[in-house]
Structures are given as C-alpha cells and as structure tokens.
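Source file run.csv; content: CSV, C-alpha atoms and all ligand atoms.
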```csv
chain,number,residue,atom,x,y,z
W,274,MET,CA,59.5,35.5,140.3
W,275,ARG,CA,56.8,33.1,141.7
W,276,VAL,CA,56.2,30.0,139.7
W,277,LEU,CA,53.5,27.4,140.1
W,278,GLY,CA,54.7,23.9,139.2
W,279,ILE,CA,52.4,21.1,138.1
W,280,GLU,CA,53.4,17.5,137.8
W,281,THR,CA,51.0,14.9,136.3
W,282,SER,CA,53.3,12.6,134.3
W,283,CYS,CA,52.3,9.3,136.0
W,284,ASP,CA,50.4,8.4,139.1
W,285,GLU,CA,51.1,11.4,141.4
W,286,THR,CA,49.5,14.8,141.2
W,287,GLY,CA,52.1,17.3,142.5
W,288,VAL,CA,51.7,21.0,142.8
W,289,ALA,CA,54.1,23.6,144.3
W,290,ILE,CA,55.1,27.2,144.3
W,291,TYR,CA,58.7,28.2,144.0
W,292,ASP,CA,59.9,31.8,144.5
W,293,THR,CA,63.3,32.6,142.9
W,294,GLU,CA,64.0,35.0,145.8
W,295,GLN,CA,62.6,33.1,148.7
W,296,GLY,CA,62.8,29.4,147.6
W,297,LEU,CA,60.1,26.8,147.9
W,298,LEU,CA,56.9,28.4,149.4
W,299,ALA,CA,54.5,25.4,149.4
W,300,HIS,CA,54.0,22.0,147.9
W,301,ARG,CA,51.3,19.4,147.9
W,302,LEU,CA,51.1,15.8,146.6
W,303,PHE,CA,48.3,13.4,145.9
W,304,SER,CA,49.3,9.8,145.3
W,305,GLN,CA,47.1,7.5,143.3
W,306,ILE,CA,48.6,4.4,144.8
W,307,LYS,CA,45.3,3.1,146.3
W,308,LEU,CA,43.5,3.7,143.0
W,309,HIS,CA,45.9,1.5,141.0
W,310,ALA,CA,46.7,-1.1,143.7
W,311,GLU,CA,44.0,-3.6,142.8
W,312,TYR,CA,45.3,-3.7,139.2
W,313,GLY,CA,48.9,-4.3,140.3
W,314,GLY,CA,50.2,-1.3,138.2
W,315,VAL,CA,49.2,2.1,136.9
W,316,VAL,CA,46.1,2.1,134.7
W,317,PRO,CA,46.7,5.2,132.4
W,318,GLU,CA,43.0,6.1,131.9
W,319,LEU,CA,42.3,6.1,135.6
W,320,ALA,CA,45.4,8.1,136.2
W,321,SER,CA,44.3,10.8,133.8
W,322,ARG,CA,40.8,11.0,135.2
W,323,ASP,CA,42.2,11.3,138.8
W,324,HIS,CA,44.6,14.1,137.8
W,325,ILE,CA,41.7,16.1,136.4
W,326,GLN,CA,40.0,16.0,139.8
W,327,ARG,CA,43.1,16.8,141.8
W,328,VAL,CA,45.0,19.5,140.0
W,329,LEU,CA,42.9,22.6,140.7
W,330,PRO,CA,42.1,21.7,144.4
W,331,LEU,CA,45.8,21.2,145.0
W,332,THR,CA,46.6,24.4,143.3
W,333,TYR,CA,44.2,26.3,145.6
W,334,GLU,CA,45.7,24.5,148.6
W,335,VAL,CA,49.3,25.5,147.8
W,336,LEU,CA,48.2,29.1,147.1
W,337,ALA,CA,46.5,29.2,150.5
W,338,ALA,CA,49.5,27.6,152.2
W,339,ALA,CA,51.8,30.2,150.7
W,340,GLY,CA,49.3,33.0,151.5
W,341,LEU,CA,49.0,33.9,147.8
W,342,GLU,CA,46.3,34.5,145.1
W,343,LEU,CA,46.4,33.3,141.5
W,344,SER,CA,47.2,36.9,140.5
W,345,ASP,CA,50.4,36.8,142.5
W,346,LEU,CA,51.9,34.2,140.2
W,347,ASP,CA,54.5,35.2,137.6
W,348,GLY,CA,54.7,32.0,135.6
W,349,ILE,CA,53.6,28.4,135.4
W,350,ALA,CA,55.7,25.3,134.9
W,351,TYR,CA,54.3,21.9,134.0
W,352,THR,CA,55.6,18.5,133.1
W,353,SER,CA,55.3,18.1,129.4
W,354,GLY,CA,57.1,14.8,129.1
W,355,PRO,CA,58.2,12.1,129.2
W,356,GLY,CA,55.2,10.2,130.7
W,357,LEU,CA,51.7,8.9,130.1
W,358,ILE,CA,50.1,10.9,127.3
W,359,GLY,CA,46.7,11.3,128.9
W,360,ALA,CA,48.2,12.2,132.3
W,361,LEU,CA,50.5,14.8,130.7
W,362,MET,CA,47.6,16.3,128.8
W,363,VAL,CA,45.8,17.1,132.0
W,364,GLY,CA,48.8,19.1,133.5
W,365,ALA,CA,49.5,20.8,130.2
W,366,SER,CA,45.9,21.8,129.6
W,367,VAL,CA,45.4,23.2,133.1
W,368,ALA,CA,48.8,25.0,133.1
W,369,ARG,CA,48.4,26.5,129.7
W,370,SER,CA,44.8,27.6,130.3
W,371,LEU,CA,45.7,29.2,133.7
W,372,ALA,CA,48.7,31.0,132.1
W,373,TRP,CA,46.5,32.2,129.2
W,374,GLY,CA,43.8,33.5,131.6
W,375,LEU,CA,46.4,35.2,133.9
W,376,ASN,CA,48.4,36.5,131.0
W,377,ILE,CA,51.7,35.0,132.3
W,378,PRO,CA,54.2,32.7,130.6
W,379,ALA,CA,54.1,29.0,130.9
W,380,VAL,CA,56.9,26.5,130.3
W,381,GLY,CA,56.9,22.7,129.7
W,382,VAL,CA,59.5,21.0,131.9
W,383,HIS,CA,61.3,17.7,131.2
W,384,HIS,CA,60.3,15.3,134.0
W,385,MET,CA,63.8,13.9,134.3
W,386,GLU,CA,65.4,17.4,134.4
W,387,GLY,CA,63.0,18.0,137.3
W,388,HIS,CA,64.3,14.9,139.1
W,389,LEU,CA,67.9,15.8,138.3
W,390,LEU,CA,67.5,19.3,139.8
W,391,ALA,CA,65.6,18.2,142.9
W,392,PRO,CA,68.7,18.1,145.1
W,393,MET,CA,69.0,21.9,144.4
W,394,LEU,CA,66.0,22.4,146.7
W,395,GLU,CA,68.0,21.3,149.7
W,396,PRO,CA,69.7,23.8,152.1
W,397,GLU,CA,73.1,22.8,150.8
W,398,PRO,CA,72.7,22.3,147.1
W,399,PRO,CA,75.4,20.6,144.9
W,400,ARG,CA,77.6,22.8,142.8
W,401,LEU,CA,78.0,22.3,139.1
W,402,PRO,CA,79.5,20.5,137.3
W,403,PHE,CA,78.4,17.1,138.5
W,404,VAL,CA,77.5,13.5,137.5
W,405,ALA,CA,73.9,12.6,138.1
W,406,LEU,CA,72.5,9.1,138.7
W,407,LEU,CA,68.8,9.1,137.6
W,408,VAL,CA,67.0,6.1,139.0
W,409,SER,CA,63.3,6.0,138.6
W,410,GLY,CA,60.5,3.7,137.6
W,411,GLY,CA,61.0,4.6,133.9
W,412,HIS,CA,64.7,5.5,133.6
W,413,THR,CA,68.1,4.5,134.8
W,414,MET,CA,70.9,6.7,133.6
W,415,LEU,CA,74.2,8.3,134.4
W,416,VAL,CA,74.4,11.8,133.1
W,417,ASP,CA,77.3,14.2,133.0
W,418,VAL,CA,76.1,17.7,133.8
W,419,PRO,CA,78.6,20.5,132.9
W,420,GLN,CA,75.8,23.1,133.2
W,421,ILE,CA,72.0,23.1,133.7
W,422,GLY,CA,70.3,22.0,130.6
W,423,GLU,CA,73.4,20.3,129.1
W,424,TYR,CA,73.0,16.6,129.7
W,425,ARG,CA,75.5,14.1,128.3
W,426,ILE,CA,74.3,10.5,128.8
W,427,LEU,CA,77.2,8.4,130.1
W,428,GLY,CA,75.2,5.2,130.3
W,429,GLU,CA,71.6,3.9,130.6
W,430,SER,CA,69.6,0.8,131.0
W,431,VAL,CA,69.4,-1.4,128.0
W,432,ASP,CA,66.2,-3.0,129.4
W,433,ASP,CA,64.3,-2.5,132.7
W,434,ALA,CA,64.8,0.6,134.7
W,435,ALA,CA,66.1,0.1,138.3
W,436,GLY,CA,62.7,1.0,139.8
W,437,GLU,CA,60.9,-1.2,137.3
W,438,ALA,CA,63.2,-4.1,138.3
W,439,PHE,CA,62.3,-3.5,142.0
W,440,ASP,CA,58.6,-3.4,141.1
W,441,LYS,CA,58.6,-6.5,138.9
W,442,THR,CA,60.7,-8.6,141.3
W,443,ALA,CA,58.4,-7.5,144.2
W,444,LYS,CA,55.5,-8.7,142.2
W,445,LEU,CA,57.1,-12.1,141.5
W,446,LEU,CA,57.6,-12.4,145.3
W,447,GLY,CA,53.9,-11.7,145.9
W,448,LEU,CA,54.3,-8.1,147.2
W,449,ASP,CA,51.8,-5.4,146.5
W,450,TYR,CA,52.1,-2.5,144.1
W,451,PRO,CA,54.2,-0.4,144.1
W,452,GLY,CA,56.7,-3.0,145.1
W,453,GLY,CA,60.0,-1.1,145.3
W,454,PRO,CA,59.6,0.3,148.8
W,455,LEU,CA,58.0,-2.9,150.1
W,456,LEU,CA,60.8,-5.0,148.7
W,457,ALA,CA,63.3,-2.7,150.3
W,458,LYS,CA,61.5,-3.1,153.6
W,459,LEU,CA,61.4,-6.9,153.3
W,460,ALA,CA,65.1,-6.9,152.5
W,461,GLU,CA,65.8,-5.6,156.0
W,462,GLN,CA,64.6,-9.0,157.3
W,463,GLY,CA,66.9,-10.8,154.9
W,464,ARG,CA,70.3,-12.3,155.9
W,465,ALA,CA,73.4,-11.3,154.1
W,466,GLY,CA,75.5,-13.9,152.2
W,467,ILE,CA,72.7,-16.5,151.8
W,468,TYR,CA,72.3,-15.9,148.0
W,469,LYS,CA,74.8,-14.4,145.7
W,470,PHE,CA,73.2,-12.5,142.7
W,471,PRO,CA,75.1,-11.3,139.6
W,472,ARG,CA,76.2,-7.7,139.2
W,473,PRO,CA,75.0,-7.3,135.6
W,474,MET,CA,77.3,-5.7,133.0
W,475,THR,CA,79.9,-4.7,135.5
W,476,ASP,CA,82.5,-6.9,133.8
W,477,ARG,CA,82.2,-4.9,130.6
W,478,PRO,CA,83.5,-1.4,130.1
W,479,GLY,CA,81.1,1.5,130.1
W,480,CYS,CA,78.3,2.8,132.2
W,481,ASP,CA,75.2,1.0,130.7
W,482,PHE,CA,73.0,-1.1,132.9
W,483,SER,CA,70.8,-4.2,132.5
W,484,PHE,CA,68.4,-5.2,135.3
W,485,SER,CA,65.9,-7.5,133.7
W,486,GLY,CA,68.1,-10.6,134.3
W,487,LEU,CA,68.0,-10.0,138.1
W,488,LYS,CA,64.2,-10.4,138.2
W,489,THR,CA,64.5,-13.8,136.4
W,490,PHE,CA,67.3,-14.7,138.8
W,491,SER,CA,65.1,-13.9,141.7
W,492,LEU,CA,62.3,-16.0,140.3
W,493,THR,CA,64.4,-19.1,139.8
W,494,THR,CA,66.1,-18.7,143.2
W,495,TRP,CA,62.6,-18.5,144.7
W,496,GLN,CA,61.3,-21.6,142.8
W,497,ASN,CA,64.4,-23.6,144.0
W,498,SER,CA,64.1,-22.5,147.6
W,499,ASN,CA,61.8,-23.9,150.3
W,500,GLN,CA,59.6,-20.9,149.8
W,501,THR,CA,59.5,-19.8,153.4
W,502,GLU,CA,59.0,-16.2,154.5
W,503,GLN,CA,62.7,-16.2,155.4
W,504,ASP,CA,63.7,-17.3,151.9
W,505,LYS,CA,61.6,-14.5,150.5
W,506,ALA,CA,63.4,-12.0,152.7
W,507,ASP,CA,66.8,-13.4,151.9
W,508,ILE,CA,66.1,-13.2,148.1
W,509,ALA,CA,64.9,-9.6,148.5
W,510,HIS,CA,68.1,-8.8,150.4
W,511,ALA,CA,70.3,-10.4,147.7
W,512,PHE,CA,68.3,-8.7,144.9
W,513,GLU,CA,68.6,-5.3,146.5
W,514,GLU,CA,72.3,-5.8,147.2
W,515,ALA,CA,72.9,-6.7,143.6
W,516,VAL,CA,71.1,-3.6,142.3
W,517,VAL,CA,72.9,-1.3,144.8
W,518,GLU,CA,76.3,-2.8,144.2
W,519,THR,CA,75.8,-2.5,140.4
W,520,LEU,CA,74.8,1.2,140.7
W,521,PHE,CA,77.7,1.8,143.0
W,522,ILE,CA,80.2,0.3,140.6
W,523,LYS,CA,78.8,2.3,137.6
W,524,CYS,CA,78.7,5.6,139.6
W,525,LYS,CA,82.4,5.1,140.6
W,526,ARG,CA,83.2,4.4,136.9
W,527,ALA,CA,81.3,7.5,135.7
W,528,LEU,CA,83.1,9.7,138.2
W,529,GLU,CA,86.5,8.3,137.2
W,530,GLN,CA,85.7,8.7,133.5
W,531,THR,CA,84.6,12.4,133.8
W,532,GLY,CA,86.9,13.4,136.6
W,533,ARG,CA,83.9,15.0,138.4
W,534,LYS,CA,84.0,15.1,142.2
W,535,THR,CA,80.3,15.5,142.8
W,536,LEU,CA,77.5,13.0,142.4
W,537,VAL,CA,73.8,13.8,142.5
W,538,ILE,CA,71.2,11.1,143.0
W,539,ALA,CA,67.6,11.6,141.8
W,540,GLY,CA,64.4,9.6,141.1
W,541,GLY,CA,62.3,7.2,143.2
W,542,VAL,CA,65.0,4.6,143.8
W,543,GLY,CA,67.1,7.4,145.3
W,544,ALA,CA,64.8,6.9,148.3
W,545,ASN,CA,66.3,3.5,148.9
W,546,GLN,CA,68.3,3.5,152.2
W,547,SER,CA,70.8,0.8,151.2
W,548,LEU,CA,71.7,2.8,148.1
W,549,ARG,CA,72.0,6.0,150.0
W,550,GLN,CA,74.3,4.3,152.5
W,551,ARG,CA,76.5,2.6,150.0
W,552,LEU,CA,77.1,5.6,147.8
W,553,LYS,CA,78.6,7.4,150.8
W,554,ASP,CA,81.6,5.2,150.3
W,555,LEU,CA,82.5,6.9,147.0
W,556,LYS,CA,85.3,9.3,147.0
W,557,ALA,CA,83.0,12.2,145.9
W,558,GLN,CA,80.6,14.5,147.5
W,559,VAL,CA,77.2,12.8,147.2
W,560,TYR,CA,73.9,14.8,147.2
W,561,PHE,CA,70.4,13.4,147.6
W,562,PRO,CA,67.0,15.1,147.5
W,563,ARG,CA,65.0,14.8,150.7
W,564,LEU,CA,63.0,11.6,150.6
W,565,GLU,CA,59.7,13.2,149.5
W,566,PHE,CA,61.4,14.8,146.6
W,567,CYS,CA,63.1,11.6,145.3
W,568,THR,CA,59.7,10.4,144.0
W,569,ASP,CA,57.5,12.5,141.7
W,570,ASN,CA,56.5,15.9,143.1
W,571,GLY,CA,55.5,19.4,142.0
W,572,ALA,CA,58.4,21.2,143.7
W,573,MET,CA,61.1,19.9,141.3
W,574,ILE,CA,58.9,21.0,138.3
W,575,ALA,CA,58.3,24.4,139.8
W,576,TYR,CA,62.1,24.8,140.4
W,577,ALA,CA,63.2,23.5,137.0
W,578,GLY,CA,60.5,25.7,135.3
W,579,ALA,CA,61.5,28.8,137.3
W,580,LEU,CA,65.1,28.5,136.1
W,581,ARG,CA,63.9,28.4,132.5
W,582,LEU,CA,61.4,31.1,132.8
W,583,GLN,CA,63.9,33.3,134.6
W,584,ALA,CA,66.3,32.7,131.7
W,585,GLY,CA,63.6,34.1,129.4
W,586,ALA,CA,62.3,30.8,128.0
W,587,SER,CA,59.3,31.5,125.8
W,588,GLU,CA,57.0,28.9,124.2
W,589,PRO,CA,54.0,29.3,121.9
W,590,PRO,CA,50.7,28.8,123.8
W,591,VAL,CA,50.0,25.3,122.5
W,592,ILE,CA,49.1,22.2,124.5
W,593,GLN,CA,51.5,19.6,123.1
W,594,PRO,CA,52.9,17.1,125.6
W,595,ARG,CA,55.9,14.9,124.7
W,596,PRO,CA,55.4,11.4,126.0
W,597,ARG,CA,58.8,10.5,124.6
W,598,TRP,CA,61.4,13.2,124.9
W,599,PRO,CA,65.2,12.6,125.0
W,600,LEU,CA,66.9,14.5,127.8
W,601,THR,CA,69.7,15.4,125.4
W,602,GLU,CA,67.3,17.6,123.3
W,603,LEU,CA,67.1,20.2,126.1
W,604,ALA,CA,68.7,23.6,125.6
W,605,ALA,CA,71.5,24.6,128.0
W,606,LEU,CA,70.8,27.5,130.3
W,607,ALA,CA,73.4,30.3,130.1
W,608,SER,CA,75.2,30.3,133.6
Y,701,LIG,O1,60.7,8.8,140.2
Y,701,LIG,P1,59.5,8.0,140.5
Y,701,LIG,O2,58.6,8.4,141.6
Y,701,LIG,O3,58.5,7.8,139.3
Y,701,LIG,C1,59.0,7.7,138.0
Y,701,LIG,O4,59.3,8.8,137.4
Y,701,LIG,O5,59.2,6.6,137.6
Y,701,LIG,O6,60.0,6.5,140.8
Y,701,LIG,C2,59.2,5.5,141.2
Y,701,LIG,C3,60.0,4.2,141.3
Y,701,LIG,C4,59.1,3.0,141.5
Y,701,LIG,O7,59.6,2.0,140.6
Y,701,LIG,C5,59.3,2.6,143.0
Y,701,LIG,O8,59.2,1.2,143.2
Y,701,LIG,C6,60.8,3.0,143.2
Y,701,LIG,O9,60.9,4.3,142.5
Y,701,LIG,N1,61.1,3.2,144.6
Y,701,LIG,C7,62.0,2.5,145.3
Y,701,LIG,C8,61.9,3.0,146.6
Y,701,LIG,N2,61.0,4.0,146.7
Y,701,LIG,C9,60.5,4.1,145.5
Y,701,LIG,N3,62.8,1.5,144.9
Y,701,LIG,C10,63.6,0.9,145.9
Y,701,LIG,N4,63.6,1.3,147.1
Y,701,LIG,C11,62.8,2.3,147.6
Y,701,LIG,N5,62.8,2.7,148.9
Y,702,ZN,ZN,59.6,10.4,138.2
```
Please lay out the structure from this file as structure tokens.
Amino acid sequence: MRVLGIETSCDETGVAIYDTEQGLLAHRLFSQIKLHAEYGGVVPELASRDHIQRVLPLTYEVLAAAGLELSDLDGIAYTSGPGLIGALMVGASVARSLAWGLNIPAVGVHHMEGHLLAPMLEPEPPRLPFVALLVSGGHTMLVDVPQIGEYRILGESVDDAAGEAFDKTAKLLGLDYPGGPLLAKLAEQGRAGIYKFPRPMTDRPGCDFSFSGLKTFSLTTWQNSNQTEQDKADIAHAFEEAVVETLFIKCKRALEQTGRKTLVIAGGVGANQSLRQRLKDLKAQVYFPRLEFCTDNGAMIAYAGALRLQAGASEPPVIQPRPRWPLTELAALAS
C-alpha cells in the first residue's frame, strides 16, 4: 500500500510517500523559518498562506522522486491535529480533495503519534512495548506505549514545553528565531560549572515537568552577570544542562515505574546533541529518529497514516481538523 503523507500543522510543509512493502520512497520539506524570522515567532496566517503555495508542488516533487503518478497512490494521510487551525485546514483540504478525486481513502493523523512513531522509519526500529519521551515546541510528555495507538501519559509539562523553553530563553538572550538549535550551538562555547541551574520538579515524585522557571532563572542570571558573550554562552550551557538533566531523571523514573527496557525519543528537541548523548547513560535501549525526522516532516505522517489505513481505518470524507486533540483519545491498532 502506497500512502502519501502531508504535514502542515505549524511552520513546515512536509510531504512524503511511504510504501508498506518497500518503506519510505521519497520525502520533501519546506521550512518557513525565513518567513517568520522577522516576527520572532510563527505568524499563523502567514503559515497557512505559505502551506497553500507549497503542498501541491511538494506533492508532485515526491511523486517524481519516487517515480510514481497520482494514480499509483492507495491512500492519503494528513495531520489533522493538534496544531494551528488555519495551517491544519490546508493539509486537510488538499488531502481530502485529492483522496476524493482519486477515489482512495484518507486518514487524519495525530501529529504527536507521527512524532512518536518516527523512530520506526530507521533501519533498526524499536520493538514494542516502550516508553516514549515526546519533546517538541508544543509538547513535553512521557508516554507508556504498550501497543501502537494505546498511549498512557506518565507525565507532562505543567507549563512550557521543552522546545518552547529553549525558544523563549534563546529570545531572552537575544538569539534569533527559532532559538532552540541556536541556543544549543551557543551552549557549546559555554563552560561547565560556572552557573548551577535548578532541575525543576525532580525532588517530587512523578514524571511531570515544569520548564517556565528556567527561563526566568536564565534572565535573572543574565541581568546579574557582566553581560559578556562568554556569560551568555555560560548561561546557555547551564540552561541546556538543566533541561537535559531534568529530562534524563524523569526518563529514568518512567522506565523504573513501568519496567520497560526501551526508550524512544521524538520531537524537535530530540535533535539536541547533549540530550542524545546523556540519554545513552540510561540502562535501556534508546532509539532516536534521524535528525531530519526529529522535527516536523511528512514521512512520520505517511508512516503513521499507512499503519492506520492498513488496519482498515475509515473516516467520513469531511474536512474537520482538530487543533486540540488529546493523544489518549486515539484508538489502539490491533497488533
Ligand atoms: O517537533 P517540532 O519540529 O515542532 C513541534 O511540533 O513543536 O519541534 C520544534 C522545537 C522548537 O522549539 C525548536 O527550538 C526545538 O524543537 N529544537 C531544539 C533543537 N532543534 C529543534 N531544541 C534544542 N536543541 C536543538 N538542537
Ligand atoms: Zn512537531
């Protein structure tokens, strides 16, 4: 079964074709970073308009790259939530219209399920059951995954998501948007042990997170410093270390609590090298998606949708995105 995947939940248009026999055939991504940079964050209306311009050209590009025609597709998967309503509308409208015209099924995919299953696209995929750490710009959660589609939330952020904390702290330090990767780069110049940041909520039981205090801590530390470039790098280093250490402690706890031996990392912050390095110290098998599939992409949507279509998922042909959509509402796939 060949499935076209379309991702348009935020500021990246991702399109891919996944074949349930042959694996990933082609994928393309257009990032709107430059479009939003001057505003210091994503402008939803600009995002929607840009998705409109990109989706079909990218679709024809992936078809050409895979040597296929539209008529070779057996199904279409698109991100139907969570995300920006206008941006989601674009992907949903195009996907549903194409499916209608081609008389093939379409399925709406949960964006976070897409992220969570991205490591499955690697040559050595993780085996179920596992614990997943989802760390993106909008979400931070630890999820127990007994089977695909059955997601039990072990803990989540009570305020900012990890990526959001990276982005906001980067902004406070005067870095451009999106700040996460830039802050991580600056942290490489920082010296260890200069500043000691708290590890929020690690002294309490449970797997919930809180990251908003770290950004305030960064700001006060910066204001009380000599405000040199070295100070900035040292603060970036201490901030990153605090986030990474907190995530490490909670992952360890989630594995102990569930007795699982496998940990899967997904979402944009999963691209962070310090995090990837530190999690290797866990007594568990740790799986990451390749770097380009940590952040938003069409491949993960094509894959997650293909699993659901293959299992016979059928939905009425209505265009109805879900900007808010709890992961726990998904149906388990029979294994
Ligand atoms: O998963 P994603 O592409 O989009 C959402 O669904 O949110 O995640 C984007 C987030 C942004 O907050 C970005 O700053 C962060 O992931 N990010 C990073 C790194 N690369 C991306 N944060 C820290 N270090 C990185 N290397
Ligand atoms: Zn995402």
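Proximity of W:Leu371, W:Cys480, W:Leu564, W:Cys283 to ligand ZN 702 (chain Y), computed with all atoms listed in the file, is greatest for W:Cys283.
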For chain W versus ligand ZN 702 (chain Y), which residues have an atom no more than 6 Å away, and what is each residue's nearest atom pair and distance in Å rounded to one decimal, using all atoms listed in the file, chain-then-number order, as JSON lines?
```
{"residue": "W:Ser409", "atom": "CA", "partner": "Y:ZN702", "partner_atom": "ZN", "distance": 5.8}
{"residue": "W:Gly540", "atom": "CA", "partner": "Y:ZN702", "partner_atom": "ZN", "distance": 5.7}
{"residue": "W:Thr568", "atom": "CA", "partner": "Y:ZN702", "partner_atom": "ZN", "distance": 5.8}
{"residue": "W:Asp569", "atom": "CA", "partner": "Y:ZN702", "partner_atom": "ZN", "distance": 4.6}
```
For the residues in the current selection, export C-alpha atoms as an mmCIF file, keeping the file's coordinate frame.
```cif
data_model
loop_
_atom_site.group_PDB
_atom_site.id
_atom_site.type_symbol
_atom_site.label_atom_id
_atom_site.label_comp_id
_atom_site.auth_asym_id
_atom_site.auth_seq_id
_atom_site.Cartn_x
_atom_site.Cartn_y
_atom_site.Cartn_z
ATOM 1 C CA SER W 409 63.300 6.000 138.600
ATOM 2 C CA GLY W 540 64.400 9.600 141.100
ATOM 3 C CA THR W 568 59.700 10.400 144.000
ATOM 4 C CA ASP W 569 57.500 12.500 141.700
#
```
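Shortest separation to W:Leu603 among W:Met385, W:Leu277, W:Val559, W:Ala350 occurs at residue W:Met385, atoms counted being only C-alpha atoms.
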Checklist entry - Of the candidates W:Leu446, W:Ile522, W:Pro402, W:Val591, which shows the shortest atom-to-atom distance to W:Ala365, using all atoms listed in the file? => result W:Val591
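Here atom CA of W:Phe470 stands at a distance of 7.4 Å from atom CA of W:Leu487.
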Item to check | Residues within 7 Å of W:Arg425, only C-alpha atoms, excluding chain neighbours under 4 positions, as an NGL selection string | outcome: :W and (416-418 or 601)
Considering only C-alpha atoms and all ligand atoms, give me a table of residues in chain W that are at most 10 Å from ligand LIG 701 (chain Y), with the closest atom pair and distance in Å for each, as CSV.
```
residue,atom,partner,partner_atom,distance
W:Ser282,CA,Y:LIG701,O4,7.7
W:Cys283,CA,Y:LIG701,O4,7.2
W:Asp284,CA,Y:LIG701,O3,8.1
W:Glu285,CA,Y:LIG701,O2,8.1
W:Pro355,CA,Y:LIG701,O4,8.9
W:Gly356,CA,Y:LIG701,O4,8.0
W:His384,CA,Y:LIG701,O4,7.4
W:Met385,CA,Y:LIG701,O4,7.5
W:Gly387,CA,Y:LIG701,O1,9.9
W:His388,CA,Y:LIG701,O1,7.2
W:Leu407,CA,Y:LIG701,O1,8.5
W:Val408,CA,Y:LIG701,O1,7.0
W:Ser409,CA,Y:LIG701,O6,4.0
W:Gly410,CA,Y:LIG701,O5,3.2
W:Gly411,CA,Y:LIG701,O5,4.6
W:His412,CA,Y:LIG701,O5,6.9
W:Thr413,CA,Y:LIG701,O5,9.6
W:Ala434,CA,Y:LIG701,O7,8.0
W:Ala435,CA,Y:LIG701,O7,7.2
W:Gly436,CA,Y:LIG701,O7,3.4
W:Glu437,CA,Y:LIG701,O7,4.8
W:Ala438,CA,Y:LIG701,O7,7.4
W:Phe439,CA,Y:LIG701,O8,5.8
W:Asp440,CA,Y:LIG701,O8,5.1
W:Lys441,CA,Y:LIG701,O7,8.7
W:Ala443,CA,Y:LIG701,O8,8.8
W:Tyr450,CA,Y:LIG701,O8,8.1
W:Pro451,CA,Y:LIG701,O8,5.3
W:Gly452,CA,Y:LIG701,O8,5.2
W:Gly453,CA,Y:LIG701,O8,3.2
W:Pro454,CA,Y:LIG701,C11,4.0
W:Leu455,CA,Y:LIG701,N5,7.5
W:Leu456,CA,Y:LIG701,N4,7.1
W:Ala457,CA,Y:LIG701,N4,5.1
W:Lys458,CA,Y:LIG701,N5,7.6
W:Ala460,CA,Y:LIG701,N4,9.9
W:Glu513,CA,Y:LIG701,C10,8.0
W:Val516,CA,Y:LIG701,C10,9.5
W:Val517,CA,Y:LIG701,C10,9.6
W:Ala539,CA,Y:LIG701,O1,7.6
W:Gly540,CA,Y:LIG701,O1,3.9
W:Gly541,CA,Y:LIG701,O9,3.3
W:Val542,CA,Y:LIG701,N3,4.0
W:Gly543,CA,Y:LIG701,C8,6.9
W:Ala544,CA,Y:LIG701,N5,4.7
W:Asn545,CA,Y:LIG701,N5,3.6
W:Gln546,CA,Y:LIG701,N5,6.5
W:Ser547,CA,Y:LIG701,N4,8.3
W:Leu548,CA,Y:LIG701,N4,8.3
W:Arg549,CA,Y:LIG701,N5,9.8
W:Leu564,CA,Y:LIG701,N2,8.8
W:Glu565,CA,Y:LIG701,O2,9.3
W:Phe566,CA,Y:LIG701,O2,8.6
W:Cys567,CA,Y:LIG701,O1,6.3
W:Thr568,CA,Y:LIG701,O2,3.3
W:Asp569,CA,Y:LIG701,O2,4.2
W:Asn570,CA,Y:LIG701,O2,7.9
```
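Closest approach to W:Gln530 among W:Leu415, W:Ala299, W:Val380, W:Leu375: W:Leu415, based on all atoms listed in the file.
Counting from atom CA of W:Glu395, the distance to atom CA of W:Ile377 is 27.5 Å.
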Next on the checklist: For a test of reading the model, state the distance in Å between atom CA of W:Gln593 and atom CA of W:Val367, rounded to one decimal.
Outcome noted: 12.3 Å
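Using all atoms listed in the file, the smallest distance between any of W:Leu297, W:Met362, W:Ala372, W:Ala575 and W:Ala339 comes from W:Leu297.
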Tell me, as an mmCIF file with C-alpha atoms, in the frame of the given file, which residues lie within 10 Å of W:Gly578, counting only C-alpha atoms; anything in the same chain fewer than 2 positions away does not count.
```cif
data_model
loop_
_atom_site.group_PDB
_atom_site.id
_atom_site.type_symbol
_atom_site.label_atom_id
_atom_site.label_comp_id
_atom_site.auth_asym_id
_atom_site.auth_seq_id
_atom_site.Cartn_x
_atom_site.Cartn_y
_atom_site.Cartn_z
ATOM 1 C CA VAL W 276 56.200 30.000 139.700
ATOM 2 C CA LEU W 277 53.500 27.400 140.100
ATOM 3 C CA GLY W 278 54.700 23.900 139.200
ATOM 4 C CA ILE W 279 52.400 21.100 138.100
ATOM 5 C CA TYR W 291 58.700 28.200 144.000
ATOM 6 C CA GLY W 348 54.700 32.000 135.600
ATOM 7 C CA ILE W 349 53.600 28.400 135.400
ATOM 8 C CA ALA W 350 55.700 25.300 134.900
ATOM 9 C CA TYR W 351 54.300 21.900 134.000
ATOM 10 C CA THR W 352 55.600 18.500 133.100
ATOM 11 C CA ALA W 379 54.100 29.000 130.900
ATOM 12 C CA VAL W 380 56.900 26.500 130.300
ATOM 13 C CA GLY W 381 56.900 22.700 129.700
ATOM 14 C CA VAL W 382 59.500 21.000 131.900
ATOM 15 C CA HIS W 383 61.300 17.700 131.200
ATOM 16 C CA GLU W 386 65.400 17.400 134.400
ATOM 17 C CA GLY W 387 63.000 18.000 137.300
ATOM 18 C CA ALA W 572 58.400 21.200 143.700
ATOM 19 C CA MET W 573 61.100 19.900 141.300
ATOM 20 C CA ILE W 574 58.900 21.000 138.300
ATOM 21 C CA ALA W 575 58.300 24.400 139.800
ATOM 22 C CA TYR W 576 62.100 24.800 140.400
ATOM 23 C CA LEU W 580 65.100 28.500 136.100
ATOM 24 C CA ARG W 581 63.900 28.400 132.500
ATOM 25 C CA LEU W 582 61.400 31.100 132.800
ATOM 26 C CA GLN W 583 63.900 33.300 134.600
ATOM 27 C CA ALA W 584 66.300 32.700 131.700
ATOM 28 C CA ALA W 586 62.300 30.800 128.000
#
```
Checklist entry - Which residues, written as a ChimeraX atom specification, have at least one atom at most 8 Å from stretch 342-345 of chain W, with all atoms listed in the file counted and residues fewer than 2 positions away on the same chain left out? => result /W:275,336-337,340,347,375
Checklist entry - Any idea what's packed within 12 Å of W:Gln558, counting only C-alpha atoms, ignoring anything in its chain fewer than 3 positions away? Could you give it as number ranges by chain? => result W: 397-405, 525, 528, 533-538, 552-555, 561
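Using all atoms listed in the file, the nearest neighbour of W:Arg472 within the list W:Ala604, W:Leu520, W:Leu302, W:Ala338 is W:Leu520.
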